[in-house]
file run.txt (compact mmCIF, C-alpha atoms and all ligand atoms)
# COMPACT_ATOMS: atom_id res chain seq x y z
CA LEU A 26 -19.13 -7.57 25.71
CA TRP A 27 -16.86 -5.79 23.24
CA ASN A 28 -13.48 -5.30 24.77
CA ALA A 29 -10.29 -4.31 22.96
CA SER A 30 -8.05 -6.70 24.81
CA ASN A 31 -10.36 -9.69 24.17
CA ILE A 32 -10.49 -8.85 20.49
CA ILE A 33 -6.72 -8.61 20.40
CA GLU A 34 -6.27 -11.97 22.12
CA ASP A 35 -8.78 -13.61 19.78
CA SER A 36 -7.22 -12.05 16.68
CA ILE A 37 -3.75 -13.07 17.74
CA ALA A 38 -4.87 -16.67 18.23
CA ALA A 39 -6.72 -16.64 14.90
CA VAL A 40 -3.75 -15.22 13.00
CA ARG A 41 -1.31 -17.72 14.53
CA GLU A 42 -3.63 -20.57 13.70
CA LYS A 43 -4.13 -19.33 10.17
CA VAL A 44 -0.56 -18.55 9.09
CA GLY A 45 1.33 -21.04 11.23
CA SER A 46 5.05 -20.52 10.66
CA ASP A 47 4.61 -18.84 7.25
CA GLN A 48 5.99 -15.43 6.35
CA VAL A 49 3.52 -12.56 6.01
CA ILE A 50 3.88 -9.33 4.07
CA LEU A 51 2.01 -6.09 4.75
CA GLY A 52 1.81 -2.78 2.93
CA LEU A 53 2.28 -0.19 5.65
CA SER A 54 1.04 3.29 4.79
CA GLY A 55 1.29 4.93 8.18
CA GLY A 56 -2.50 5.28 8.28
CA VAL A 57 -4.53 3.93 11.18
CA ASP A 58 -5.67 0.65 9.62
CA SER A 59 -2.38 -0.65 8.29
CA SER A 60 -0.59 0.57 11.43
CA VAL A 61 -2.95 -1.37 13.67
CA VAL A 62 -2.52 -4.48 11.53
CA ALA A 63 1.26 -4.09 11.76
CA ALA A 64 1.16 -3.80 15.55
CA LEU A 65 -1.27 -6.70 15.89
CA LEU A 66 0.63 -9.02 13.56
CA HIS A 67 3.92 -8.13 15.16
CA ARG A 68 2.48 -9.20 18.46
CA ALA A 69 1.04 -12.37 16.95
CA ILE A 70 3.89 -13.55 14.75
CA GLY A 71 6.89 -11.25 15.41
CA GLU A 72 9.68 -11.88 12.93
CA GLN A 73 7.41 -13.61 10.44
CA LEU A 74 6.04 -10.20 9.50
CA THR A 75 7.68 -7.96 6.90
CA CYS A 76 6.16 -4.57 6.12
CA VAL A 77 6.70 -2.64 2.92
CA PHE A 78 6.45 1.13 3.24
CA VAL A 79 6.43 3.04 -0.03
CA ASP A 80 7.57 6.63 0.25
CA THR A 81 5.83 8.16 -2.76
CA GLY A 82 7.21 11.65 -2.32
CA LEU A 83 3.57 12.66 -1.83
CA LEU A 84 3.54 12.26 1.94
CA ARG A 85 3.47 14.97 4.58
CA LEU A 86 6.56 16.60 6.09
CA HIS A 87 8.87 14.01 7.72
CA GLU A 88 6.18 11.34 7.45
CA GLY A 89 8.47 8.68 6.03
CA ASP A 90 10.99 9.15 8.82
CA GLN A 91 8.24 9.10 11.43
CA VAL A 92 6.81 5.83 10.15
CA MET A 93 10.27 4.25 10.21
CA ALA A 94 11.03 5.64 13.67
CA MET A 95 7.85 4.24 15.13
CA PHE A 96 7.59 0.84 13.49
CA ALA A 97 11.18 -0.10 12.72
CA GLN A 98 13.27 1.63 15.40
CA HIS A 99 10.79 1.82 18.26
CA MET A 100 8.70 -1.33 17.81
CA GLY A 101 11.36 -3.46 16.15
CA ILE A 102 9.17 -4.45 13.21
CA LYS A 103 10.86 -5.40 9.94
CA VAL A 104 10.02 -2.59 7.54
CA ILE A 105 11.37 -2.22 4.03
CA ARG A 106 11.29 1.45 3.06
CA VAL A 107 11.10 2.05 -0.65
CA ASP A 108 12.11 5.53 -1.69
CA ALA A 109 9.95 5.91 -4.79
CA GLU A 110 9.77 9.70 -5.03
CA ALA A 111 11.68 9.91 -8.29
CA ARG A 112 9.55 7.20 -9.89
CA TYR A 113 6.37 8.94 -8.84
CA MET A 114 7.51 12.31 -10.13
CA THR A 115 8.51 10.80 -13.45
CA ALA A 116 5.23 8.91 -13.79
CA LEU A 117 3.23 12.04 -12.97
CA ALA A 118 5.12 14.44 -15.20
CA GLY A 119 2.79 16.13 -17.66
CA VAL A 120 -0.34 14.61 -16.14
CA ASN A 121 -3.04 17.11 -15.20
CA ASP A 122 -6.25 15.13 -14.89
CA PRO A 123 -7.12 14.25 -11.28
CA GLU A 124 -8.52 10.79 -11.98
CA GLN A 125 -5.58 10.01 -14.24
CA LYS A 126 -3.26 11.08 -11.42
CA ARG A 127 -5.11 8.80 -9.00
CA LYS A 128 -4.76 5.88 -11.40
CA ILE A 129 -1.06 6.45 -11.87
CA ILE A 130 -0.41 6.84 -8.15
CA GLY A 131 -2.43 3.74 -7.24
CA GLY A 132 -1.02 1.69 -10.11
CA LEU A 133 2.56 2.54 -9.25
CA PHE A 134 1.91 1.58 -5.65
CA VAL A 135 0.74 -1.84 -6.76
CA ASP A 136 3.77 -2.26 -9.08
CA ILE A 137 6.25 -1.29 -6.40
CA PHE A 138 4.59 -3.42 -3.77
CA ASP A 139 4.57 -6.32 -6.21
CA GLU A 140 8.30 -5.90 -6.90
CA GLU A 141 9.11 -5.90 -3.20
CA ALA A 142 6.85 -8.85 -2.51
CA GLY A 143 8.55 -10.71 -5.37
CA LYS A 144 11.86 -10.35 -3.52
CA LEU A 145 10.40 -11.93 -0.40
CA THR A 146 10.18 -15.35 -1.90
CA ASP A 147 9.18 -16.97 1.40
CA ALA A 148 6.07 -14.87 1.88
CA LYS A 149 2.86 -16.87 1.65
CA TRP A 150 0.40 -14.38 3.08
CA LEU A 151 -0.59 -10.82 2.32
CA ALA A 152 -1.96 -8.93 5.30
CA GLN A 153 -4.34 -6.04 4.66
CA GLY A 154 -5.91 -3.38 6.81
CA THR A 155 -9.37 -3.96 5.37
CA ILE A 156 -12.06 -2.86 7.81
CA TYR A 157 -15.77 -3.63 7.78
CA PRO A 158 -16.88 -0.44 5.98
CA ASP A 159 -14.39 -1.28 3.18
CA VAL A 160 -16.00 -4.68 2.82
CA ILE A 161 -19.47 -3.17 2.54
CA GLU A 162 -18.31 -0.51 0.14
CA SER A 163 -16.64 -3.01 -2.17
CA ALA A 164 -19.68 -5.25 -2.07
CA GLY A 165 -21.82 -2.28 -3.05
CA ALA A 166 -19.52 -1.82 -6.05
CA LYS A 167 -19.70 1.94 -5.91
CA SER A 168 -18.47 3.88 -8.85
CA GLY A 169 -16.31 6.92 -9.25
CA LYS A 170 -14.01 8.18 -6.56
CA ALA A 171 -15.20 5.74 -3.92
CA HIS A 172 -14.15 2.88 -6.16
CA LEU A 173 -10.77 4.41 -6.81
CA ILE A 174 -10.19 4.98 -3.14
CA LYS A 175 -10.45 1.27 -2.61
CA SER A 176 -8.37 0.47 -5.65
CA HIS A 177 -5.48 2.36 -4.14
CA HIS A 178 -4.45 0.03 -1.43
CA ASN A 179 -7.48 -1.21 0.39
CA VAL A 180 -9.87 -3.92 -0.72
CA GLY A 181 -9.10 -5.20 -4.18
CA GLY A 182 -5.82 -3.33 -4.28
CA LEU A 183 -3.63 -6.39 -4.31
CA PRO A 184 -1.90 -7.42 -7.48
CA GLU A 185 -3.96 -10.25 -8.92
CA ASN A 186 -0.97 -12.31 -9.95
CA MET A 187 0.48 -12.31 -6.47
CA LYS A 188 -0.57 -15.78 -5.42
CA LEU A 189 -0.64 -14.79 -1.80
CA LYS A 190 -3.33 -15.78 0.62
CA LEU A 191 -5.09 -12.96 2.44
CA VAL A 192 -5.06 -12.26 6.14
CA GLU A 193 -7.34 -9.41 7.18
CA PRO A 194 -7.62 -9.27 10.95
CA LEU A 195 -9.70 -6.05 11.02
CA ARG A 196 -12.27 -7.21 8.51
CA GLU A 197 -15.13 -7.29 11.00
CA LEU A 198 -14.34 -4.04 12.79
CA PHE A 199 -15.54 -0.48 12.50
CA LYS A 200 -13.11 2.42 12.52
CA ASP A 201 -13.70 3.38 16.15
CA GLU A 202 -13.08 -0.22 17.17
CA VAL A 203 -9.86 -0.29 15.15
CA ARG A 204 -8.76 2.86 16.98
CA LYS A 205 -9.42 1.26 20.35
CA LEU A 206 -7.42 -1.76 19.33
CA GLY A 207 -4.57 0.47 18.23
CA LEU A 208 -4.48 2.29 21.56
CA GLU A 209 -4.60 -1.00 23.44
CA LEU A 210 -1.70 -2.24 21.30
CA GLY A 211 0.32 0.77 22.42
CA LEU A 212 0.21 2.91 19.31
CA PRO A 213 0.44 6.64 20.14
CA ALA A 214 -2.91 8.46 20.52
CA ASP A 215 -1.77 11.19 18.11
CA MET A 216 -1.33 8.63 15.39
CA ILE A 217 -4.58 6.83 16.10
CA HIS A 218 -6.57 10.06 16.06
CA ARG A 219 -4.88 11.69 13.11
CA HIS A 220 -7.11 13.20 10.44
CA PRO A 221 -7.70 11.00 7.40
CA PHE A 222 -5.18 11.37 4.59
CA PRO A 223 -6.13 10.34 1.06
CA GLY A 224 -4.33 7.39 -0.54
CA PRO A 225 -3.01 9.57 -3.40
CA GLY A 226 -1.66 11.95 -0.76
CA LEU A 227 -0.38 15.33 -1.87
CA GLY A 228 -0.94 14.16 -5.43
CA VAL A 229 -4.52 15.43 -5.20
CA ARG A 230 -3.57 18.51 -3.17
CA ILE A 231 -1.29 19.89 -5.85
CA LEU A 232 -3.69 21.06 -8.53
CA GLY A 233 -2.81 19.87 -11.99
CA GLU A 234 0.67 18.59 -12.70
CA VAL A 235 2.58 17.28 -9.72
CA LYS A 236 6.17 18.44 -9.37
CA LYS A 237 8.63 17.90 -6.56
CA PRO A 238 9.23 21.62 -5.89
CA TYR A 239 5.47 22.06 -5.49
CA ALA A 240 5.27 19.11 -3.11
CA ASP A 241 8.14 20.55 -1.06
CA LEU A 242 6.42 23.94 -0.73
CA LEU A 243 3.10 22.34 0.10
CA ARG A 244 4.63 20.11 2.79
CA GLN A 245 6.08 23.14 4.56
CA ALA A 246 2.85 25.13 4.44
CA ASP A 247 0.78 22.15 5.55
CA ALA A 248 3.12 21.40 8.45
CA ILE A 249 2.82 24.98 9.75
CA PHE A 250 -0.97 24.81 9.61
CA ILE A 251 -1.16 21.45 11.39
CA GLU A 252 1.41 22.45 14.00
CA GLU A 253 -0.59 25.57 14.87
CA LEU A 254 -3.86 23.64 14.99
CA TYR A 255 -2.32 21.41 17.64
CA ARG A 256 -0.79 24.33 19.52
CA HIS A 257 -4.12 26.12 19.65
CA ASP A 258 -6.03 23.02 20.63
CA LEU A 259 -8.00 23.15 17.40
CA TYR A 260 -6.75 20.00 15.69
CA HIS A 261 -9.36 17.70 17.20
CA LYS A 262 -12.12 20.29 16.83
CA VAL A 263 -11.95 19.88 13.06
CA SER A 264 -12.39 16.63 11.14
CA GLN A 265 -9.80 17.19 8.48
CA ALA A 266 -7.40 20.03 7.77
CA PHE A 267 -4.72 20.54 5.18
CA ALA A 268 -3.12 22.91 2.71
CA VAL A 269 -3.59 22.83 -1.06
CA PHE A 270 -1.03 24.03 -3.59
CA LEU A 271 -2.27 26.27 -6.40
CA PRO A 272 0.20 26.48 -9.28
CA VAL A 273 -0.63 30.07 -10.12
CA LYS A 274 1.53 33.06 -9.35
CA SER A 275 0.20 36.06 -7.55
CA VAL A 276 1.91 39.35 -6.98
CA GLY A 277 3.41 40.43 -3.68
CA VAL A 278 5.72 43.23 -2.59
CA MET A 279 9.12 42.54 -1.19
CA GLY A 280 11.22 45.54 -0.23
CA ASP A 281 11.20 47.82 -3.25
CA GLY A 282 10.22 45.22 -5.76
CA ARG A 283 7.35 43.01 -6.73
CA LYS A 284 7.55 39.29 -6.69
CA TYR A 285 5.32 36.69 -8.20
CA ASP A 286 4.95 33.59 -6.14
CA TYR A 287 2.58 30.71 -5.63
CA VAL A 288 -0.69 30.55 -3.72
CA VAL A 289 -1.68 28.14 -0.98
CA ALA A 290 -5.24 27.45 0.11
CA ILE A 291 -5.99 26.33 3.64
CA ARG A 292 -8.89 23.95 4.15
CA ALA A 293 -10.45 22.78 7.41
CA VAL A 294 -13.80 21.01 7.63
CA GLU A 295 -16.15 19.68 10.24
CA THR A 296 -18.05 16.54 9.34
CA ILE A 297 -19.46 13.34 10.76
CA ASP A 298 -19.31 11.08 7.73
CA PHE A 299 -17.24 13.00 5.16
CA MET A 300 -20.21 12.83 2.78
CA THR A 301 -21.25 16.34 3.74
CA ALA A 302 -19.07 18.87 5.50
CA ARG A 303 -19.05 22.47 6.62
CA TRP A 304 -15.98 24.65 6.49
CA ALA A 305 -14.57 25.17 9.95
CA HIS A 306 -15.10 28.64 11.36
CA LEU A 307 -11.55 29.00 12.61
CA PRO A 308 -10.83 32.17 14.57
CA TYR A 309 -9.64 35.11 12.47
CA ASP A 310 -6.60 35.61 14.68
CA PHE A 311 -5.65 32.04 14.10
CA LEU A 312 -6.03 32.36 10.32
CA ASP A 313 -4.00 35.54 10.48
CA LEU A 314 -1.19 33.70 12.24
CA ILE A 315 -1.25 30.87 9.68
CA SER A 316 -1.08 33.30 6.80
CA ARG A 317 1.80 35.26 8.29
CA ARG A 318 3.79 32.21 9.20
CA ILE A 319 3.39 30.57 5.80
CA ILE A 320 4.26 33.70 3.85
CA ASN A 321 7.23 34.52 6.09
CA GLU A 322 8.59 31.01 6.40
CA VAL A 323 7.95 29.43 3.04
CA PRO A 324 9.84 31.22 0.31
CA GLY A 325 7.92 30.70 -2.90
CA ILE A 326 4.48 31.26 -1.36
CA SER A 327 3.20 34.83 -1.53
CA ARG A 328 -0.47 34.43 -0.75
CA VAL A 329 -2.66 32.33 1.52
CA THR A 330 -6.40 31.89 1.08
CA TYR A 331 -8.96 30.14 3.26
CA ASP A 332 -11.45 27.79 1.63
CA ILE A 333 -15.00 28.64 2.70
CA SER A 334 -16.77 26.09 0.53
CA GLY A 335 -19.14 23.54 2.00
CA LYS A 336 -19.66 19.99 0.78
CA PRO A 337 -21.82 19.76 -1.21
CA PRO A 338 -21.30 21.26 -3.66
CA ALA A 339 -17.54 21.44 -3.12
CA THR A 340 -15.71 18.24 -2.21
CA ILE A 341 -13.33 18.17 0.73
CA GLU A 342 -10.28 17.66 -1.46
CA TRP A 343 -9.72 20.10 -4.30
CA GLU A 344 -9.33 17.36 -6.88
P1 LIG B 1 -14.00 14.36 -1.01
O1 LIG B 1 -12.89 15.17 -1.60
O2 LIG B 1 -14.53 13.32 -1.96
O3 LIG B 1 -13.32 13.54 0.18
O4 LIG B 1 -15.07 15.20 -0.38
C1 LIG B 1 -14.02 12.78 1.13
C2 LIG B 1 -12.97 12.06 1.97
O5 LIG B 1 -12.28 11.10 1.15
C3 LIG B 1 -10.90 11.41 1.08
N1 LIG B 1 -10.47 11.16 -0.29
C4 LIG B 1 -9.74 10.12 -0.68
N2 LIG B 1 -9.22 9.11 0.04
N3 LIG B 1 -8.28 8.22 -1.94
C5 LIG B 1 -8.48 8.16 -0.60
O6 LIG B 1 -7.98 7.22 0.02
C6 LIG B 1 -8.78 9.22 -2.73
O7 LIG B 1 -8.58 9.23 -3.93
C7 LIG B 1 -9.55 10.21 -2.04
N4 LIG B 1 -10.21 11.32 -2.47
C8 LIG B 1 -10.76 11.90 -1.36
C9 LIG B 1 -10.78 12.86 1.51
O8 LIG B 1 -9.49 13.14 2.05
C10 LIG B 1 -11.89 12.98 2.52
O9 LIG B 1 -11.49 12.51 3.79
call {"tool": "encode", "arguments": {"input": "run.txt", "output": "structure tokens", "more": "lines below"}}
Ligand code: XMP
result
Amino acid sequence: LWNASNIIEDSIAAVREKVGSDQVILGLSGGVDSSVVAALLHRAIGEQLTCVFVDTGLLRLHEGDQVMAMFAQHMGIKVIRVDAEARYMTALAGVNDPEQKRKIIGGLFVDIFDEEAGKLTDAKWLAQGTIYPDVIESAGAKSGKAHLIKSHHNVGGLPENMKLKLVEPLRELFKDEVRKLGLELGLPADMIHRHPFPGPGLGVRILGEVKKPYADLLRQADAIFIEELYRHDLYHKVSQAFAVFLPVKSVGVMGDGRKYDYVVAIRAVETIDFMTARWAHLPYDFLDLISRRIINEVPGISRVTYDISGKPPATIEWE
């Protein structure tokens, strides 16, 4: 019988047996899989675990601080936070092509992780949050976006020259099983049931060239949308919801004058498998509130639109 606490006990024993007294390093993204691995390994090997958390500057509002608060302060896990925002912005300057952006974002992640791992000279093992669907997907050698998703920091994402042995305690589990494990390990339900967030983060939600001021505006708009979804008990009724930054200026009136500010699109979808999706029919009053709050509270945004495109033909992300 499948039971989260049995699986945890077995995994803990297996990890201890495997790594012995060696040091283990883990790339912590704040997503469900790497978070569950962090909690599990911490329970199994405590101080032998060091996590590396790369703040790319493309995360959601306060996300970096929240990850540190939960794992480092609250759980007492060793986490090295790398503030890489400036490096990301420099690397992305002038780059407009979505797949090029994905490559740069993923590549820089690997470089930074490699640099940090290089400093931890005692580390012998690399832990990864690979889950069973990742294994199947890699084996199927899919092309296009699916491949790039995995090249970001899941299967196959490790630097080849790293000489570390792999420990992947979730390798045989499905996502819902990983979630159960996470809850059993004491991770907060909100975190375990958070909508998926793409590896390249806001990098693919800022259309075209990524710039810090755009990311800052987008973070604020997105946070308002998500906060209201929770407040109205709608967050878990949709599968994924977020804001997208459109780097075009649209006219608005302010007092006696006109102003030209940026546009934000709001996207919420309902889906089972993320392969097809329908746009969520959010209540008009709710959309009205989102629009008012964003325009009133985020200087620099003058217009809010709601994305009513299904997948297919539109993808969930805008890039
Ligand atoms: P699309 O936009 O292809 O998205 O309909 C389907 C699901 O995949 C996520 N997504 C990504 N996840 N790296 C990721 O880790 C990516 O490059 C990427 N692109 C899309 C998207 O958020 C949705 O859940």
call {"tool": "closest_residue", "arguments": {"input": "run.txt", "among": "A:Asp159, A:Asp310, A:Asp286, A:Asp201", "to": "ligand LIG 1 (chain B)", "atoms": "all atoms listed in the file"}}
result
A:Asp159
call {"tool": "atom_distance", "arguments": {"input": "run.txt", "atom1": "atom CA of A:Pro194", "atom2": "atom CA of A:Gly55"}}
result
17.0 Å
call {"tool": "residues_near_ligand", "arguments": {"input": "run.txt", "ligand": "ligand LIG 1 (chain B)", "cutoff": "6 Å", "atoms": "only C-alpha atoms and all ligand atoms", "output": "compact mmCIF listing (two decimals) with C-alpha atoms, in the coordinates of the input"}}
result
# COMPACT_ATOMS: atom_id res chain seq x y z
CA ILE A 174 -10.19 4.98 -3.14
CA PRO A 221 -7.70 11.00 7.40
CA PHE A 222 -5.18 11.37 4.59
CA PRO A 223 -6.13 10.34 1.06
CA GLY A 224 -4.33 7.39 -0.54
CA PRO A 225 -3.01 9.57 -3.40
CA PHE A 299 -17.24 13.00 5.16
CA THR A 340 -15.71 18.24 -2.21
CA ILE A 341 -13.33 18.17 0.73
CA GLU A 342 -10.28 17.66 -1.46
call {"tool": "residues_around", "arguments": {"input": "run.txt", "residues": "A:Val329", "least_positions_apart": "4", "cutoff": "12 Å", "atoms": "all atoms listed in the file", "output": "count of residues only"}}
result
31
call {"tool": "atom_distance", "arguments": {"input": "run.txt", "atom1": "atom CA of A:Ala111", "atom2": "atom CA of A:Met93"}}
result
19.4 Å
call {"tool": "residues_around", "arguments": {"input": "run.txt", "residues": "A:Lys190", "least_positions_apart": "3", "cutoff": "7 Å", "atoms": "all atoms listed in the file", "output": "mmCIF file with C-alpha atoms, keeping the file's coordinate frame"}}
result
data_model
loop_
_atom_site.group_PDB
_atom_site.id
_atom_site.type_symbol
_atom_site.label_atom_id
_atom_site.label_comp_id
_atom_site.auth_asym_id
_atom_site.auth_seq_id
_atom_site.Cartn_x
_atom_site.Cartn_y
_atom_site.Cartn_z
ATOM 1 C CA LYS A 149 2.860 -16.870 1.650
ATOM 2 C CA TRP A 150 0.400 -14.380 3.080
ATOM 3 C CA LEU A 151 -0.590 -10.820 2.320
#
call {"tool": "closest_residue", "arguments": {"input": "run.txt", "among": "A:Gly282, A:Gly71, A:Gly226, A:Gly154", "to": "A:Leu191", "atoms": "all atoms listed in the file"}}
result
A:Gly154
